[in-house]
Amino acid sequence: MAKPELMDFYVILFSHYGPRHWWPAETPFEVIIGAILTQNTNWKNVEKAIDNLKSEGCLDIRKIVEIRKERLEEMIRSSGFYKQKAERLQNFCRFVLNEYGSLEEMFHENTDKIRKDMLDLKGIGHETADSILLYAGGLPFFVIDEYTRRIFRRIGFRVNENYEDIRKLFEKNIPKDVGIYKEYHALIVELAKEFCRKKPLCFDCPLRNICKNNSVV
Ligand code: SF4
């Protein structure tokens with residue numbers, strides 16, 4: 001059998017799970033808040049923090065900049081590392097307003113420039129920057145995370161630690177389509193949580209027939 005292509009995995013996952021409707025947020029700004037708060041914590045903790053920000057009317061880029069840092073810290077405490085994250089949120093929002101004037105303006109700029117500018121900010125790594133570009137900006141940057149590395153290493157791809165190498169591998173081998181990028185990353189997360197865990201549950205995994213590491217075979 002020919003080696004399966006990256007799109008083969010997408011097709012199987014999509015037909016197994018259906019659309020994931022990612023990212024779970026009502027606005028691009030909420031995506032950004034979530035992308036920064038989700039670093040080193042689980043989504044449940046992020047949801048609590050976002051709910052607090054919502055109920056205090058603080059899901060607004062200017063409000064985040066103007067609010068006292070201590071108050072912001074309290075609102076996002078559930079997300080862990082809250083002092084650091086409050087600083088990162090305020091820095092990010094200040095950067096957008098100072099450099100671009102608004103989020104909308106930012107996403108109309110040259111995409112490589114936005115990405116580089118974001119990566120220069122403290123605490124914004126590749127995964128966070130690309131999540132923001134893809135899910136908040138609707139721009140074609142494939143998001144790589146630890147789940148992606150784990151699954152595709154097991155499946156049989158040569159996946160090294162270099163973020164850009166893996167991103168390029170995906171971007172070269174799947175159609176440049178924001179909808180597919182969004183869906184594919186969401187499907188990877190779903191698979192990693194349900195089956196391809198640290199200890200994989202290969203028996204019922206939808207990829208078991210084409211995965212090199214299927215521990216059932
Ligand atoms: S078959 Fe096993 S190792 Fe392969 S993707 Fe599924 S859970 Fe992971």
# chains A, B, ... in the order shown; residues from 1 in each chain; ligands from 1
$ residues_around --residues "region 51-64 of chain A" --least-positions-apart "2" --cutoff "7 Å" --atoms "only C-alpha atoms" --output "PyMOL selection string"
chain A and resi 30+47-49+66-67+75+90+93
$ write_last_selection --atoms "all heavy atoms" --output "compact mmCIF listing (two decimals), in the first residue's frame"
# COMPACT_ATOMS: atom_id res chain seq x y z
N GLU A 30 -11.85 37.44 21.27
CA GLU A 30 -11.98 36.34 22.24
C GLU A 30 -11.03 35.18 21.89
O GLU A 30 -10.49 34.51 22.76
CB GLU A 30 -13.44 35.86 22.28
CG GLU A 30 -13.72 34.94 23.46
CD GLU A 30 -15.17 34.49 23.52
OE1 GLU A 30 -16.08 35.29 23.20
OE2 GLU A 30 -15.39 33.32 23.90
N GLU A 47 -11.89 28.84 30.08
CA GLU A 47 -13.30 29.23 29.96
C GLU A 47 -13.77 30.06 31.15
O GLU A 47 -14.46 31.05 31.00
CB GLU A 47 -14.17 27.98 29.84
CG GLU A 47 -14.29 27.50 28.41
CD GLU A 47 -15.09 26.22 28.28
OE1 GLU A 47 -15.18 25.45 29.27
OE2 GLU A 47 -15.60 25.96 27.19
N LYS A 48 -13.35 29.63 32.35
CA LYS A 48 -13.75 30.38 33.56
C LYS A 48 -13.22 31.80 33.48
O LYS A 48 -13.92 32.76 33.79
CB LYS A 48 -13.16 29.71 34.81
CG LYS A 48 -13.97 28.52 35.29
CD LYS A 48 -13.40 28.00 36.60
CE LYS A 48 -13.60 26.50 36.65
NZ LYS A 48 -12.58 25.77 37.39
N ALA A 49 -11.96 31.93 33.07
CA ALA A 49 -11.35 33.26 32.98
C ALA A 49 -12.08 34.12 31.94
O ALA A 49 -12.38 35.30 32.18
CB ALA A 49 -9.87 33.13 32.62
N GLU A 66 -6.55 49.39 29.56
CA GLU A 66 -6.79 50.42 30.57
C GLU A 66 -6.97 49.87 31.99
O GLU A 66 -6.72 50.56 32.97
CB GLU A 66 -8.05 51.22 30.18
CG GLU A 66 -7.79 52.16 29.01
CD GLU A 66 -9.07 52.59 28.31
OE1 GLU A 66 -10.18 52.28 28.82
OE2 GLU A 66 -8.96 53.21 27.23
N ILE A 67 -7.42 48.64 32.07
CA ILE A 67 -7.75 48.07 33.38
C ILE A 67 -6.49 47.94 34.25
O ILE A 67 -5.39 47.77 33.73
CB ILE A 67 -8.42 46.69 33.16
CG1 ILE A 67 -9.19 46.26 34.37
CG2 ILE A 67 -7.40 45.63 32.81
CD1 ILE A 67 -10.01 45.00 34.08
N MET A 75 -9.30 38.45 37.53
CA MET A 75 -10.30 37.91 36.61
C MET A 75 -9.81 36.67 35.88
O MET A 75 -10.60 35.80 35.54
CB MET A 75 -10.74 38.99 35.60
CG MET A 75 -11.65 40.02 36.22
SD MET A 75 -12.38 41.06 34.94
CE MET A 75 -11.19 42.35 34.87
N GLN A 90 -1.96 42.38 28.34
CA GLN A 90 -1.88 43.84 28.21
C GLN A 90 -0.83 44.25 27.19
O GLN A 90 -1.07 45.15 26.39
CB GLN A 90 -1.59 44.47 29.58
CG GLN A 90 -2.81 44.36 30.49
CD GLN A 90 -2.72 45.21 31.74
OE1 GLN A 90 -1.70 45.16 32.44
NE2 GLN A 90 -3.78 45.95 32.03
N CYS A 93 -2.26 43.63 23.64
CA CYS A 93 -3.29 44.62 23.26
C CYS A 93 -2.65 45.99 23.01
O CYS A 93 -3.01 46.69 22.05
CB CYS A 93 -4.35 44.72 24.35
SG CYS A 93 -5.29 43.18 24.50
$ residues_near_ligand --ligand "ligand 1" --cutoff "9 Å" --atoms "only C-alpha atoms and all ligand atoms" --output "ChimeraX atom specification"
/A:150-156,191-192,194-216
$ write_last_selection --atoms "N, CA and C atoms" --output "CSV table (one decimal), in the first residue's frame"
chain,number,residue,atom,x,y,z
A,150,ARG,N,3.1,14.5,18.3
A,150,ARG,CA,3.0,13.1,18.9
A,150,ARG,C,2.3,12.2,17.8
A,151,ILE,N,1.1,12.6,17.3
A,151,ILE,CA,0.3,11.8,16.4
A,151,ILE,C,1.1,11.5,15.1
A,152,PHE,N,1.7,12.5,14.5
A,152,PHE,CA,2.3,12.3,13.2
A,152,PHE,C,3.7,11.5,13.4
A,153,ARG,N,4.3,11.6,14.5
A,153,ARG,CA,5.5,10.8,14.7
A,153,ARG,C,5.0,9.3,14.8
A,154,ARG,N,4.0,9.1,15.6
A,154,ARG,CA,3.5,7.7,15.7
A,154,ARG,C,3.0,7.1,14.4
A,155,ILE,N,2.4,8.0,13.6
A,155,ILE,CA,1.8,7.6,12.3
A,155,ILE,C,2.9,7.2,11.4
A,156,GLY,N,4.1,7.8,11.5
A,156,GLY,CA,5.2,7.4,10.7
A,156,GLY,C,5.9,8.5,9.9
A,191,LEU,N,-8.5,13.9,18.2
A,191,LEU,CA,-7.9,12.6,18.2
A,191,LEU,C,-7.0,12.4,19.3
A,192,ALA,N,-6.2,13.4,19.6
A,192,ALA,CA,-5.2,13.3,20.7
A,192,ALA,C,-5.8,13.1,22.1
A,194,GLU,N,-9.0,11.9,22.5
A,194,GLU,CA,-9.8,10.7,22.7
A,194,GLU,C,-9.0,9.4,22.5
A,195,PHE,N,-8.1,9.3,21.6
A,195,PHE,CA,-7.4,8.1,21.3
A,195,PHE,C,-5.8,8.2,21.4
A,196,CYS,N,-5.3,9.1,20.7
A,196,CYS,CA,-3.8,9.2,20.7
A,196,CYS,C,-3.2,9.9,21.9
A,197,ARG,N,-3.6,9.4,23.0
A,197,ARG,CA,-3.1,9.9,24.3
A,197,ARG,C,-1.7,9.5,24.5
A,198,LYS,N,-1.1,10.0,25.7
A,198,LYS,CA,0.2,9.6,26.0
A,198,LYS,C,0.3,8.1,25.9
A,199,LYS,N,-0.7,7.4,26.5
A,199,LYS,CA,-0.7,5.9,26.2
A,199,LYS,C,-1.9,5.7,25.2
A,200,PRO,N,-1.5,5.4,24.0
A,200,PRO,CA,-2.5,5.4,22.9
A,200,PRO,C,-3.6,4.3,23.0
A,201,LEU,N,-4.8,4.7,22.7
A,201,LEU,CA,-5.9,3.7,22.7
A,201,LEU,C,-6.2,3.3,21.2
A,202,CYS,N,-5.3,2.5,20.6
A,202,CYS,CA,-5.4,2.3,19.2
A,202,CYS,C,-6.6,1.4,18.7
A,203,PHE,N,-7.1,0.7,19.6
A,203,PHE,CA,-8.1,-0.3,19.2
A,203,PHE,C,-9.3,0.3,18.5
A,204,ASP,N,-9.8,1.4,19.0
A,204,ASP,CA,-10.9,2.1,18.4
A,204,ASP,C,-10.5,3.3,17.6
A,205,CYS,N,-9.3,3.6,17.4
A,205,CYS,CA,-8.8,4.8,16.7
A,205,CYS,C,-9.2,4.8,15.3
A,206,PRO,N,-9.8,5.9,14.8
A,206,PRO,CA,-10.2,5.9,13.3
A,206,PRO,C,-9.0,5.8,12.4
A,207,LEU,N,-7.8,6.1,12.9
A,207,LEU,CA,-6.6,6.0,12.0
A,207,LEU,C,-5.9,4.6,12.1
A,208,ARG,N,-6.5,3.7,12.8
A,208,ARG,CA,-5.7,2.4,13.1
A,208,ARG,C,-5.3,1.7,11.9
A,209,ASN,N,-6.1,1.8,10.8
A,209,ASN,CA,-5.7,1.0,9.6
A,209,ASN,C,-4.6,1.6,8.8
A,210,ILE,N,-4.3,2.9,9.0
A,210,ILE,CA,-3.2,3.4,8.2
A,210,ILE,C,-2.1,4.0,9.1
A,211,CYS,N,-2.1,3.7,10.4
A,211,CYS,CA,-1.1,4.2,11.3
A,211,CYS,C,0.0,3.2,11.5
A,212,LYS,N,1.2,3.6,11.3
A,212,LYS,CA,2.4,2.7,11.4
A,212,LYS,C,2.5,2.2,12.9
A,213,ASN,N,2.1,3.1,13.8
A,213,ASN,CA,2.4,2.7,15.2
A,213,ASN,C,1.2,2.1,15.9
A,214,ASN,N,0.2,1.7,15.1
A,214,ASN,CA,-1.0,1.1,15.7
A,214,ASN,C,-0.6,-0.1,16.6
A,215,SER,N,-0.8,0.1,17.9
A,215,SER,CA,-0.3,-0.9,18.8
A,215,SER,C,-1.2,-2.2,18.9
A,216,VAL,N,-2.3,-2.2,18.1
A,216,VAL,CA,-3.1,-3.3,18.1
A,216,VAL,C,-2.7,-4.3,17.0
$ closest_residue --among "A:Leu6, A:Lys168, A:Glu127, A:Leu133" --to "Phe107 (chain A)" --atoms "only C-alpha atoms"
A:Leu133
$ atom_distance --atom1 "CA of Ala86 (chain A)" --atom2 "CA of Lys116 (chain A)"
21.8 Å
$ closest_residue --among "A:Leu72, A:His16, A:Trp22, A:Asn162" --to "Val178 (chain A)" --atoms "only C-alpha atoms"
A:Trp22
$ atom_distance --atom1 "CA of Lys176 (chain A)" --atom2 "CA of Glu26 (chain A)"
24.5 Å
$ closest_residue --among "A:Phe92, A:Tyr147, A:Trp23, A:Tyr135" --to "Gly123 (chain A)" --atoms "only C-alpha atoms"
A:Phe92
$ select_by_dssp --residues "region 28-156 of chain A" --states "alpha helix (DSSP H)" --output "ChimeraX atom specification"
/A:28-37,43-55,61-66,69-75,82-99,103-107,111-119,126-131,146-155
$ residues_around --residues "Asp130 (chain A)" --least-positions-apart "5" --cutoff "12 Å" --atoms "only C-alpha atoms" --output "ChimeraX atom specification"
/A:31-32,35-36,111-112,114-116,118-119,124-125,135-145,163-164,167,178,181-182,185
$ residues_around --residues "Lys83 (chain A)" --least-positions-apart "2" --cutoff "9 Å" --atoms "only C-alpha atoms" --output "VMD selection string"
chain A and resid 69 to 70 72 to 74 76 to 77 80 to 81 85 to 88
